[in-house]
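*Asks:* So here's my_file-v8.tsv, just TSV, C-alpha atoms:
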chain	number	residue	atom	x	y	z
C	1	MET	CA	1.47	26.50	-1.99
C	2	SER	CA	-1.99	27.01	-3.43
C	3	ARG	CA	-3.97	24.03	-4.54
C	4	THR	CA	-4.17	23.06	-8.20
C	5	ASP	CA	-7.01	21.26	-9.94
C	6	TRP	CA	-6.83	18.23	-12.24
C	7	ARG	CA	-7.43	20.46	-15.26
C	8	ASP	CA	-4.49	22.70	-14.35
C	9	HIS	CA	-2.22	19.85	-15.43
C	10	ASP	CA	-1.40	18.18	-18.75
C	11	TRP	CA	-1.97	14.53	-17.80
C	12	GLN	CA	0.02	11.82	-19.53
C	13	LEU	CA	-0.92	8.17	-19.96
C	14	ILE	CA	1.59	5.33	-19.84
C	15	HIS	CA	0.06	1.96	-20.67
C	16	ILE	CA	2.80	-0.25	-22.07
C	17	GLY	CA	3.57	-3.95	-22.27
C	18	ALA	CA	3.94	-6.32	-19.33
C	19	GLN	CA	6.83	-5.68	-16.93
C	20	PRO	CA	8.39	-7.84	-14.23
C	21	PRO	CA	7.33	-7.06	-10.62
C	22	THR	CA	10.62	-5.49	-9.52
C	23	LEU	CA	10.53	-3.08	-12.49
C	24	HIS	CA	7.02	-1.97	-11.49
C	25	MET	CA	8.31	-1.20	-7.98
C	26	ALA	CA	11.23	0.74	-9.45
C	27	LEU	CA	9.08	2.65	-11.97
C	28	ASP	CA	6.91	3.96	-9.12
C	29	ASP	CA	10.02	5.15	-7.31
C	30	VAL	CA	11.58	6.77	-10.41
C	31	LEU	CA	8.44	8.37	-11.88
C	32	THR	CA	7.41	9.87	-8.53
C	33	GLY	CA	10.83	11.50	-8.42
C	34	GLU	CA	10.58	12.71	-12.02
C	35	VAL	CA	7.20	14.39	-11.44
C	36	GLY	CA	8.40	15.88	-8.15
C	37	ALA	CA	11.44	17.33	-9.91
C	38	GLY	CA	9.29	18.74	-12.71
C	39	ARG	CA	11.01	16.67	-15.40
C	40	ARG	CA	7.85	14.68	-16.16
C	41	LYS	CA	4.29	15.92	-16.50
C	42	PRO	CA	1.70	14.44	-14.14
C	43	THR	CA	1.08	10.88	-15.24
C	44	LEU	CA	-1.38	8.01	-15.01
C	45	ARG	CA	0.31	4.63	-15.44
C	46	ILE	CA	-1.65	1.41	-15.97
C	47	TRP	CA	0.35	-1.66	-14.96
C	48	GLU	CA	0.56	-4.90	-16.91
C	49	TRP	CA	2.22	-7.83	-15.16
C	50	ALA	CA	4.70	-10.19	-16.81
C	51	SER	CA	4.64	-12.66	-13.92
C	52	SER	CA	2.98	-13.43	-10.60
C	53	ALA	CA	3.90	-11.59	-7.44
C	54	VAL	CA	3.06	-10.88	-3.86
C	55	VAL	CA	3.60	-7.17	-3.27
C	56	ILE	CA	3.91	-6.36	0.41
C	57	GLY	CA	3.55	-2.91	1.93
C	58	ARG	CA	6.56	-0.83	3.00
C	59	PHE	CA	6.05	-1.65	6.69
C	60	GLN	CA	4.76	-5.20	6.54
C	61	SER	CA	6.74	-8.04	8.08
C	62	LEU	CA	7.88	-10.44	5.37
C	63	ARG	CA	7.57	-13.52	7.56
C	64	ASN	CA	4.29	-12.46	9.18
C	65	GLU	CA	2.64	-11.75	5.81
C	66	VAL	CA	4.02	-14.30	3.35
C	67	ASP	CA	4.37	-18.08	3.37
C	68	THR	CA	7.63	-18.04	1.44
C	69	GLU	CA	7.61	-21.79	0.77
C	70	ALA	CA	4.10	-21.63	-0.68
C	71	ALA	CA	5.13	-18.63	-2.79
C	72	GLN	CA	8.08	-20.59	-4.20
C	73	ARG	CA	5.87	-23.60	-4.87
C	74	HIS	CA	3.47	-21.43	-6.88
C	75	GLN	CA	6.41	-19.60	-8.55
C	76	ILE	CA	5.31	-16.30	-7.11
C	77	GLU	CA	7.92	-13.59	-6.60
C	78	VAL	CA	7.76	-11.59	-3.36
C	79	VAL	CA	8.55	-7.88	-3.63
C	80	ARG	CA	8.25	-4.90	-1.30
C	81	ARG	CA	6.85	-1.60	-2.56
C	82	ILE	CA	7.65	1.94	-1.40
C	83	SER	CA	4.18	2.69	-0.01
C	84	GLY	CA	2.48	1.48	3.14
C	85	GLY	CA	-0.70	-0.56	3.16
C	86	GLY	CA	-1.41	-4.26	2.79
C	87	ALA	CA	-0.22	-7.15	0.67
C	88	MET	CA	-1.44	-7.64	-2.90
C	89	PHE	CA	-1.67	-11.03	-4.58
C	90	ILE	CA	-0.98	-10.63	-8.29
C	91	GLU	CA	-1.32	-13.05	-11.17
C	92	PRO	CA	-1.28	-11.57	-14.69
C	93	GLY	CA	-4.87	-10.69	-15.53
C	94	ASN	CA	-6.30	-11.09	-12.01
C	95	THR	CA	-6.10	-7.44	-10.98
C	96	ILE	CA	-6.06	-3.93	-12.41
C	97	THR	CA	-3.30	-1.75	-10.98
C	98	TYR	CA	-2.64	1.91	-11.71
C	99	SER	CA	-0.40	4.65	-10.39
C	100	ILE	CA	-1.00	8.37	-10.42
C	101	TYR	CA	2.10	10.57	-10.14
C	102	ALA	CA	0.91	14.06	-9.30
C	103	PRO	CA	2.37	17.30	-8.02
C	104	GLN	CA	1.81	17.67	-4.29
C	105	SER	CA	-0.18	20.84	-5.11
C	106	LEU	CA	-3.13	18.69	-6.22
C	107	ILE	CA	-3.80	17.74	-2.57
C	108	THR	CA	-2.47	20.80	-0.75
C	109	ASP	CA	-4.04	21.22	2.70
C	110	MET	CA	-6.12	18.04	2.35
C	111	SER	CA	-6.21	15.51	5.15
C	112	PHE	CA	-4.92	12.05	4.30
C	113	ARG	CA	-8.48	10.80	4.35
C	114	ALA	CA	-9.67	13.47	1.91
C	115	ALA	CA	-6.65	13.05	-0.35
C	116	TYR	CA	-7.19	9.32	-0.80
C	117	ALA	CA	-10.84	9.76	-1.74
C	118	PHE	CA	-10.06	12.74	-3.99
C	119	MET	CA	-7.46	10.85	-6.05
C	120	ASP	CA	-9.96	8.09	-6.85
C	121	GLU	CA	-13.12	10.13	-7.58
C	122	TRP	CA	-12.62	9.46	-11.31
C	123	VAL	CA	-12.53	5.71	-10.65
C	124	LEU	CA	-15.86	5.80	-8.83
C	125	THR	CA	-17.29	7.56	-11.89
C	126	ALA	CA	-15.79	4.93	-14.20
C	127	LEU	CA	-17.21	2.14	-12.05
C	128	GLU	CA	-20.63	3.79	-12.13
C	129	GLU	CA	-20.46	3.84	-15.92
C	130	LEU	CA	-19.67	0.13	-15.78
C	131	GLY	CA	-22.80	-0.41	-13.71
C	132	ILE	CA	-21.10	-0.76	-10.32
C	133	LYS	CA	-22.21	1.39	-7.42
C	134	ALA	CA	-18.96	1.84	-5.52
C	135	TRP	CA	-17.86	4.12	-2.73
C	136	TYR	CA	-14.78	5.08	-0.78
C	137	GLN	CA	-14.35	3.30	2.51
C	138	PRO	CA	-11.76	5.06	4.66
C	139	LEU	CA	-8.99	4.75	5.20
C	140	ASN	CA	-7.94	3.44	1.80
C	141	ASP	CA	-10.46	1.07	0.24
C	142	ILE	CA	-12.94	1.22	-2.65
C	143	THR	CA	-15.84	-1.08	-1.94
C	144	SER	CA	-19.17	-2.09	-3.48
C	145	ALA	CA	-22.28	-4.11	-2.74
C	146	GLY	CA	-20.37	-7.07	-4.19
C	147	GLY	CA	-17.49	-6.63	-1.77
C	148	LYS	CA	-14.19	-4.79	-1.58
C	149	ILE	CA	-12.94	-3.75	-5.00
C	150	ALA	CA	-9.63	-2.05	-4.38
C	151	GLY	CA	-7.01	-0.82	-1.96
C	152	ALA	CA	-5.02	2.39	-2.35
C	153	ALA	CA	-1.72	3.64	-0.99
C	154	GLN	CA	0.05	6.98	-1.18
C	155	VAL	CA	3.58	8.23	-0.82
C	156	HIS	CA	4.32	11.94	-0.40
C	157	ARG	CA	7.84	12.82	-1.37
C	158	ALA	CA	9.74	15.89	-2.56
C	159	GLY	CA	6.89	17.78	-4.19
C	160	ALA	CA	5.05	14.77	-5.55
C	161	VAL	CA	2.34	12.38	-4.48
C	162	LEU	CA	2.27	8.79	-5.66
C	163	HIS	CA	-1.24	7.33	-5.44
C	164	HIS	CA	-1.47	3.72	-6.55
C	165	VAL	CA	-4.35	1.32	-6.44
C	166	THR	CA	-4.85	-2.38	-7.03
C	167	MET	CA	-8.37	-3.53	-7.98
C	168	ALA	CA	-9.50	-7.14	-7.74
C	169	TYR	CA	-10.67	-8.35	-11.16
C	170	ASP	CA	-10.74	-12.13	-10.70
C	171	ILE	CA	-8.54	-13.49	-7.91
C	172	ASP	CA	-8.01	-17.16	-7.05
C	173	ALA	CA	-8.75	-16.80	-3.34
C	174	ALA	CA	-7.59	-20.31	-2.42
C	175	LYS	CA	-4.15	-19.66	-3.87
C	176	MET	CA	-4.07	-16.23	-2.27
C	177	VAL	CA	-4.69	-17.51	1.26
C	178	ASP	CA	-2.15	-20.28	0.62
C	179	VAL	CA	0.53	-17.66	0.00
C	180	LEU	CA	-0.56	-14.77	2.23
C	181	ARG	CA	-0.79	-15.28	5.97
C	182	ILE	CA	-3.90	-13.33	6.70
C	183	GLY	CA	-3.64	-12.53	10.37
C	184	ARG	CA	-6.16	-13.33	13.01
C	185	GLU	CA	-6.92	-9.65	13.60
C	186	LYS	CA	-7.25	-9.00	9.88
C	187	LEU	CA	-9.75	-11.81	9.46
C	188	SER	CA	-12.17	-9.97	11.71
C	189	ASP	CA	-12.36	-7.42	8.86
C	190	LYS	CA	-12.43	-9.87	6.00
C	191	GLY	CA	-14.15	-12.92	7.41
C	192	THR	CA	-15.73	-13.87	4.10
C	193	LEU	CA	-12.43	-14.11	2.27
C	194	SER	CA	-11.36	-17.63	3.21
C	195	ALA	CA	-14.75	-19.07	2.34
C	196	ALA	CA	-14.81	-17.64	-1.18
C	197	LYS	CA	-13.27	-19.52	-4.10
C	198	ARG	CA	-12.76	-16.39	-6.15
C	199	VAL	CA	-12.65	-12.72	-5.32
C	200	ASP	CA	-13.99	-11.24	-8.54
C	201	PRO	CA	-16.01	-8.09	-7.84
C	202	LEU	CA	-15.04	-6.41	-11.14
C	203	ARG	CA	-15.50	-9.45	-13.39
C	204	SER	CA	-18.76	-10.62	-11.83
C	205	GLN	CA	-20.33	-7.15	-11.57
C	206	THR	CA	-19.39	-5.94	-15.07
C	207	GLY	CA	-19.41	-9.17	-17.07
C	208	LEU	CA	-16.65	-7.50	-19.13
C	209	PRO	CA	-13.14	-8.64	-20.03
C	210	ARG	CA	-10.40	-6.98	-18.00
C	211	ALA	CA	-9.15	-4.99	-21.02
C	212	ALA	CA	-12.62	-3.48	-21.54
C	213	VAL	CA	-12.74	-2.34	-17.91
C	214	ILE	CA	-9.35	-0.68	-18.34
C	215	GLU	CA	-10.49	1.02	-21.57
C	216	CYS	CA	-13.50	2.45	-19.76
C	217	MET	CA	-11.31	3.71	-16.92
C	218	ILE	CA	-8.91	5.42	-19.32
C	219	ALA	CA	-11.80	6.99	-21.25
C	220	THR	CA	-13.32	8.31	-18.03
C	221	PHE	CA	-10.03	9.83	-16.86
C	222	ARG	CA	-9.54	11.39	-20.32
C	223	ARG	CA	-13.00	12.92	-20.32
C	224	LEU	CA	-12.82	14.26	-16.75
C	225	HIS	CA	-9.21	15.38	-16.47
C	226	GLY	CA	-7.72	15.29	-19.99
C	227	LEU	CA	-5.11	12.71	-20.97
C	228	HIS	CA	-2.40	12.45	-23.63
C	229	ASN	CA	-0.76	9.19	-24.63
C	230	ASP	CA	2.85	9.05	-23.57
C	231	PHE	CA	5.77	6.65	-23.26
C	232	LEU	CA	8.67	6.07	-20.91
C	233	ARG	CA	11.80	8.06	-21.66
C	234	PRO	CA	14.96	5.98	-22.23
C	235	GLN	CA	16.51	7.56	-19.13
C	236	GLU	CA	13.46	6.65	-17.01
C	237	VAL	CA	13.70	3.04	-18.19
C	238	ALA	CA	17.44	2.94	-17.52
C	239	ASP	CA	17.01	4.42	-14.02
C	240	ALA	CA	14.18	2.01	-13.20
C	241	ARG	CA	16.15	-1.01	-14.42
C	242	ALA	CA	19.13	0.02	-12.33
C	243	LEU	CA	16.95	0.49	-9.25
C	244	ALA	CA	15.14	-2.82	-9.84
C	245	THR	CA	18.53	-4.53	-9.70
C	246	SER	CA	20.23	-2.54	-6.96
C	247	LYS	CA	17.24	-2.25	-4.61
C	248	PHE	CA	13.98	-3.99	-5.39
C	249	SER	CA	15.49	-7.41	-6.30
C	250	THR	CA	17.60	-7.58	-3.16
C	251	ALA	CA	16.89	-9.68	-0.07
C	252	ALA	CA	17.95	-6.68	2.02
C	253	TRP	CA	15.06	-4.57	0.71
C	254	THR	CA	12.42	-7.31	0.58
C	255	GLY	CA	13.41	-8.40	4.09
C	256	ASP	CA	13.85	-4.84	5.37
C	257	VAL	CA	11.06	-5.54	7.84
C	258	PRO	CA	11.81	-9.23	8.47
N	1	MET	CA	6.67	-12.55	21.41
N	2	HIS	CA	4.03	-11.19	19.09
N	3	GLY	CA	1.22	-8.68	19.56
N	4	GLU	CA	-1.35	-7.38	17.09
N	5	TYR	CA	-3.77	-4.51	17.41
N	6	LYS	CA	-6.29	-3.36	14.83
N	7	MET	CA	-6.57	0.32	15.63
N	8	PRO	CA	-10.23	1.38	15.56
N	9	GLY	CA	-10.74	3.31	12.32
N	10	GLY	CA	-7.10	2.51	11.48
N	11	LYS	CA	-4.84	-0.25	10.29
N	12	LEU	CA	-3.18	-3.34	11.76
N	13	VAL	CA	-0.30	-2.53	14.11
N	14	VAL	CA	2.04	-5.43	14.93
N	15	ILE	CA	4.89	-5.72	17.41
N	16	ASP	CA	7.40	-8.55	17.62
N	17	LEU	CA	9.85	-8.42	20.51
N	18	ASP	CA	11.82	-10.36	23.12
N	19	VAL	CA	12.40	-9.55	26.78
N	20	HIS	CA	15.97	-9.83	28.06
N	21	ALA	CA	16.60	-9.17	31.77
N	22	GLY	CA	13.36	-7.25	32.07
N	23	GLN	CA	14.03	-5.05	29.05
N	24	LEU	CA	12.46	-4.93	25.60
N	25	ALA	CA	14.79	-6.36	22.96
N	26	ASN	CA	14.71	-6.95	19.19
N	27	VAL	CA	11.65	-4.70	18.92
N	28	GLN	CA	10.12	-4.76	15.45
N	29	LEU	CA	7.07	-2.71	14.49
N	30	SER	CA	5.21	-3.75	11.35
N	31	GLY	CA	1.77	-3.57	9.75
N	32	ASP	CA	-0.30	-2.21	6.89
N	33	PHE	CA	-0.33	1.37	8.17
N	34	PHE	CA	1.07	4.51	6.49
N	35	LEU	CA	4.05	6.31	7.98
N	36	GLU	CA	6.17	9.12	6.53
N	37	PRO	CA	9.06	9.44	6.30
N	38	ASP	CA	9.60	5.69	6.27
N	39	SER	CA	12.65	6.09	8.53
N	40	ALA	CA	10.20	6.75	11.40
N	41	LEU	CA	9.78	2.97	11.63
N	42	ILE	CA	13.43	2.56	12.64
N	43	ALA	CA	13.13	5.48	15.05
N	44	ILE	CA	10.18	3.85	16.84
N	45	ASN	CA	11.93	0.46	17.05
N	46	ALA	CA	15.05	2.14	18.46
N	47	ALA	CA	13.08	4.19	20.99
N	48	LEU	CA	11.48	1.06	22.44
N	49	GLU	CA	14.66	-1.04	22.50
N	50	GLY	CA	16.02	-1.53	26.02
N	51	ARG	CA	13.05	0.05	27.78
N	52	PRO	CA	11.78	-1.67	30.96
N	53	ALA	CA	9.18	-4.31	30.10
N	54	ASP	CA	6.94	-3.04	32.90
N	55	LEU	CA	6.39	0.44	31.41
N	56	THR	CA	2.74	1.43	31.47
N	57	ARG	CA	0.79	1.99	28.29
N	58	SER	CA	0.92	5.76	28.76
N	59	ALA	CA	4.67	5.66	29.39
N	60	LEU	CA	5.14	3.59	26.23
N	61	THR	CA	3.03	6.10	24.30
N	62	GLU	CA	5.27	8.93	25.53
N	63	VAL	CA	8.44	7.08	24.53
N	64	ILE	CA	7.06	6.52	21.04
N	65	SER	CA	5.81	10.09	20.61
N	66	ALA	CA	9.18	11.47	21.68
N	67	ALA	CA	10.88	9.44	18.91
N	68	LEU	CA	8.89	11.22	16.18
N	69	THR	CA	9.83	14.50	14.54
N	70	ALA	CA	7.41	17.30	13.70
N	71	GLU	CA	7.49	16.13	10.06
N	72	THR	CA	6.32	12.60	10.86
N	73	LYS	CA	2.94	11.75	9.40
N	74	MET	CA	0.88	8.80	10.60
N	75	TYR	CA	-2.22	7.38	8.93
N	76	GLY	CA	-3.94	4.36	10.41
N	77	ILE	CA	-1.42	4.18	13.25
N	78	SER	CA	-0.72	6.23	16.39
N	79	PRO	CA	1.79	6.15	19.26
N	80	ASP	CA	-0.97	4.79	21.51
N	81	ALA	CA	-1.82	2.00	19.04
N	82	VAL	CA	1.84	0.94	19.01
N	83	ALA	CA	1.82	0.96	22.83
N	84	VAL	CA	-1.22	-1.35	22.84
N	85	ALA	CA	0.52	-3.74	20.42
N	86	VAL	CA	3.57	-3.75	22.74
N	87	GLU	CA	1.32	-4.58	25.71
N	88	ARG	CA	-0.29	-7.41	23.77
N	89	ALA	CA	3.13	-8.78	22.74
N	90	LEU	CA	4.02	-8.78	26.44
N	91	GLY	CA	0.86	-10.75	27.16
N	92	ARG	CA	-0.77	-7.99	29.16
N	93	GLU	CA	-4.52	-7.62	29.13
N	94	HIS	CA	-5.53	-4.54	27.22
N	95	GLU	CA	-8.31	-2.48	28.69
N	96	ALA	CA	-9.69	-0.28	25.94
Starting from the file, lay out its structure as structure tokens.

*Replies:*
Amino acid sequence: MSRTDWRDHDWQLIHIGAQPPTLHMALDDVLTGEVGAGRRKPTLRIWEWASSAVVIGRFQSLRNEVDTEAAQRHQIEVVRRISGGGAMFIEPGNTITYSIYAPQSLITDMSFRAAYAFMDEWVLTALEELGIKAWYQPLNDITSAGGKIAGAAQVHRAGAVLHHVTMAYDIDAAKMVDVLRIGREKLSDKGTLSAAKRVDPLRSQTGLPRAAVIECMIATFRRLHGLHNDFLRPQEVADARALATSKFSTAAWTGDVP
Amino acid sequence: MHGEYKMPGGKLVVIDLDVHAGQLANVQLSGDFFLEPDSALIAINAALEGRPADLTRSALTEVISAALTAETKMYGISPDAVAVAVERALGREHEA
């Protein structure tokens, strides 16, 4: 399979109202399948959150990563996503999350390391336009002088690649470390985290509201790669709702790695 | 028993296990690594289950490698990193 370029595809944008956490998990599953099957054009989806959540990686241990009692106390739902990587702490408005659903051909013959950086080149450009000098830090982070900005994760499945990223806009770090058990080994990487009151690299370095940062990102993607406004098909919504109920809301899936 | 290993240039690799009659039991691999297909996680757990708890690191690495198919893709994790996490769960000193 020969490699395609961004401009070989007719990119679609989905940026709709806030959705519950389990529906976000399900939409990633469904839309990756739709693009892989050729029923949907390659798509950028910007997430809006209806409620708070801890989103753990596909292979993370629920009990090792999450203080379930603290999560309940803060009314934070715990969900497991389909991609690997680390836990995300989400409160509506505290992060910017997006998914790219692309044909596998976009990253043909690329190493994992190259593919992660390639999928986020447009974001580094957007950040530069916002006045942030950011760079890719392998394996899967975007970082800046003001600290880590984002973490990415990919899934490769049946002709499609899902690349999704969560960026820290303005995170309540005290609440985050109350809910997430950040392991001893992990702290050696992120020793500054527990001392900080807020993790807000995007807010503090742009001085812009979250919505303005998102608008800049969309404009940058549109200029570099082309982008048409789109919506979810009724069948996609129905499939995602069914999957949110049958899979992503279940204790069996969330506790799949106990 | 619990062992963690941050693979150099990789991700966190975690093993939880018990030892019953000198054999590894209830082996559970976890972490923030990337592994495809995701069923490889179960294959690695199953490959380690029941193995003698005194297997060397290189023997553990072989057991794990043998459980993977040609299609398995690992990013931020390796058979050797899993073996080190097993050794740490068993309380063995790890010599890098």

*Asks:* Write out as a list of chain:residue names every residue belonging to chain N that has an atom at most 8 Å from any atom of chain C, counting all atoms listed in the file.

*Replies:*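 Every residue of chain N that passes the 8 Å test is in N:Glu4, N:Tyr5, N:Lys6, N:Gly9, N:Gly10, N:Leu12, N:Gln28, N:Leu29, N:Ser30, N:Gly31, N:Asp32, N:Phe33, N:Phe34, N:Leu35, N:Glu36, N:Asp38, N:Leu41, N:Tyr75, N:Gly76.
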
*Asks:* Figure out the distance between atom CA of Asp256 of chain C and atom CA of Gly91 of chain N, please, to one decimal in Å.

*Replies:*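 Computing the Euclidean distance for atom CA of Gly91 of chain N and atom CA of Asp256 of chain C yields 26.0 Å.
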
*Asks:* Name the residues in contact with Val79 of chain C at a cut-off of 7 Å, using all atoms listed in the file, excluding same-chain residues fewer than 2 positions from it; report them as a list in words.

*Replies:* Thr22, Val54, Val55, Ile56, Glu77, Arg81, Phe248 and Thr254 of chain C

*Asks:* Mind dumping the selected residues with C-alpha atoms as a tab-separated table (two decimals), in the frame of the given file?

*Replies:*
chain	number	residue	atom	x	y	z
C	22	THR	CA	10.62	-5.49	-9.52
C	54	VAL	CA	3.06	-10.88	-3.86
C	55	VAL	CA	3.60	-7.17	-3.27
C	56	ILE	CA	3.91	-6.36	0.41
C	77	GLU	CA	7.92	-13.59	-6.60
C	81	ARG	CA	6.85	-1.60	-2.56
C	248	PHE	CA	13.98	-3.99	-5.39
C	254	THR	CA	12.42	-7.31	0.58

*Asks:* Which value, in Å to one decimal, gives the distance between atom CA of Met25 of chain C and atom CA of Arg181 of chain C?

*Replies:*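 The value is 21.8 Å.
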
*Asks:* Tell me which protein, DNA and RNA residues are within 10 Å of Gly159 of chain C, counting all atoms listed in the file, leaving out same-chain ones fewer than 6 positions away, and put them as an NGL selection string.

*Replies:* :C and (32-33 or 35-38 or 102-105)

*Asks:* Counting all atoms listed in the file, figure out which residue out of C:Ile100, C:Arg80, C:Leu124, C:Trp11 gets nearest to Ala26 of chain C.

*Replies:*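 Closest to Ala26 of chain C, using all atoms listed in the file: C:Arg80.
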
*Asks:* Might you pull out every residue within 9 Å of Ser2 of chain C, with all atoms listed in the file counted and same-chain residues fewer than 2 positions away left off, and present them as a tab-separated table (two decimals) with C-alpha atoms, in the frame of the given file?

*Replies:*
chain	number	residue	atom	x	y	z
C	4	THR	CA	-4.17	23.06	-8.20
C	105	SER	CA	-0.18	20.84	-5.11
C	106	LEU	CA	-3.13	18.69	-6.22
C	108	THR	CA	-2.47	20.80	-0.75
C	109	ASP	CA	-4.04	21.22	2.70

*Asks:* Counting all atoms listed in the file, what is within 12 Å of Ser144 of chain C, bar same-chain residues fewer than 5 positions away, as a list in words?

*Replies:*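 Returned residues: Leu124, Leu127, Glu128, Gly131, Ile132, Lys133, Ala134, Trp135, Tyr136, Gln137, Ile149, Ala150, Met167, Ala168, Asp200, Pro201, Leu202, Ser204 and Gln205 of chain C.
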
*Asks:* Would you compute the distance between atom CA of Gly93 of chain C and atom CA of Met176 of chain C? Give it in Å to one decimal.

*Replies:*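 Atom-to-atom, atom CA of Gly93 of chain C to atom CA of Met176 of chain C, that is 14.4 Å.
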
*Asks:* What lies within 6 Å of Pro79 of chain N using all atoms listed in the file, ignoring chain neighbours under 3 positions off, as a ChimeraX atom specification?

*Replies:* /N:61,64-65,82

*Asks:* Which of these, N:Thr56, N:Asn26, N:Asn45, N:Met1, has the shortest distance to Val84 of chain N once you count all atoms listed in the file?

*Replies:*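 So, comparing all the options, the nearest one is N:Thr56.
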
*Asks:* Please reconstruct the missing atoms of segment 54-70 of chain C (target: N, CA and C atoms) and return them as an mmCIF file, in the frame of the given file.

*Replies:*
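The result, stored in out07.cif:
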data_model
loop_
_atom_site.group_PDB
_atom_site.id
_atom_site.type_symbol
_atom_site.label_atom_id
_atom_site.label_comp_id
_atom_site.auth_asym_id
_atom_site.auth_seq_id
_atom_site.Cartn_x
_atom_site.Cartn_y
_atom_site.Cartn_z
ATOM 1 N N VAL C 54 3.651 -11.445 -5.064
ATOM 2 C CA VAL C 54 3.060 -10.880 -3.860
ATOM 3 C C VAL C 54 3.781 -9.571 -3.624
ATOM 4 N N VAL C 55 3.017 -8.493 -3.510
ATOM 5 C CA VAL C 55 3.600 -7.170 -3.270
ATOM 6 C C VAL C 55 3.224 -6.768 -1.853
ATOM 7 N N ILE C 56 4.228 -6.732 -0.973
ATOM 8 C CA ILE C 56 3.910 -6.360 0.410
ATOM 9 C C ILE C 56 4.147 -4.878 0.613
ATOM 10 N N GLY C 57 3.452 -4.328 1.619
ATOM 11 C CA GLY C 57 3.550 -2.910 1.930
ATOM 12 C C GLY C 57 4.889 -2.588 2.575
ATOM 13 N N ARG C 58 5.260 -1.303 2.517
ATOM 14 C CA ARG C 58 6.560 -0.830 3.000
ATOM 15 C C ARG C 58 6.864 -1.278 4.423
ATOM 16 N N PHE C 59 5.810 -1.383 5.266
ATOM 17 C CA PHE C 59 6.050 -1.650 6.690
ATOM 18 C C PHE C 59 5.573 -3.027 7.119
ATOM 19 N N GLN C 60 5.240 -3.867 6.159
ATOM 20 C CA GLN C 60 4.760 -5.200 6.540
ATOM 21 C C GLN C 60 5.933 -6.142 6.802
ATOM 22 N N SER C 61 5.737 -7.030 7.767
ATOM 23 C CA SER C 61 6.740 -8.040 8.080
ATOM 24 C C SER C 61 6.677 -9.142 7.042
ATOM 25 N N LEU C 62 7.829 -9.410 6.421
ATOM 26 C CA LEU C 62 7.880 -10.440 5.370
ATOM 27 C C LEU C 62 7.393 -11.779 5.916
ATOM 28 N N ARG C 63 7.922 -12.179 7.080
ATOM 29 C CA ARG C 63 7.570 -13.520 7.560
ATOM 30 C C ARG C 63 6.145 -13.578 8.128
ATOM 31 N N ASN C 64 5.671 -12.450 8.674
ATOM 32 C CA ASN C 64 4.290 -12.460 9.180
ATOM 33 C C ASN C 64 3.264 -12.476 8.061
ATOM 34 N N GLU C 65 3.625 -11.922 6.887
ATOM 35 C CA GLU C 65 2.640 -11.750 5.810
ATOM 36 C C GLU C 65 2.664 -12.858 4.769
ATOM 37 N N VAL C 66 3.857 -13.421 4.514
ATOM 38 C CA VAL C 66 4.020 -14.300 3.350
ATOM 39 C C VAL C 66 4.497 -15.681 3.776
ATOM 40 N N ASP C 67 3.866 -16.718 3.248
ATOM 41 C CA ASP C 67 4.370 -18.080 3.370
ATOM 42 C C ASP C 67 5.350 -18.279 2.215
ATOM 43 N N THR C 68 6.619 -18.077 2.506
ATOM 44 C CA THR C 68 7.630 -18.040 1.440
ATOM 45 C C THR C 68 7.719 -19.373 0.696
ATOM 46 N N GLU C 69 7.571 -20.471 1.432
ATOM 47 C CA GLU C 69 7.610 -21.790 0.770
ATOM 48 C C GLU C 69 6.457 -21.936 -0.217
ATOM 49 N N ALA C 70 5.262 -21.530 0.210
ATOM 50 C CA ALA C 70 4.100 -21.630 -0.680
ATOM 51 C C ALA C 70 4.294 -20.723 -1.896
#
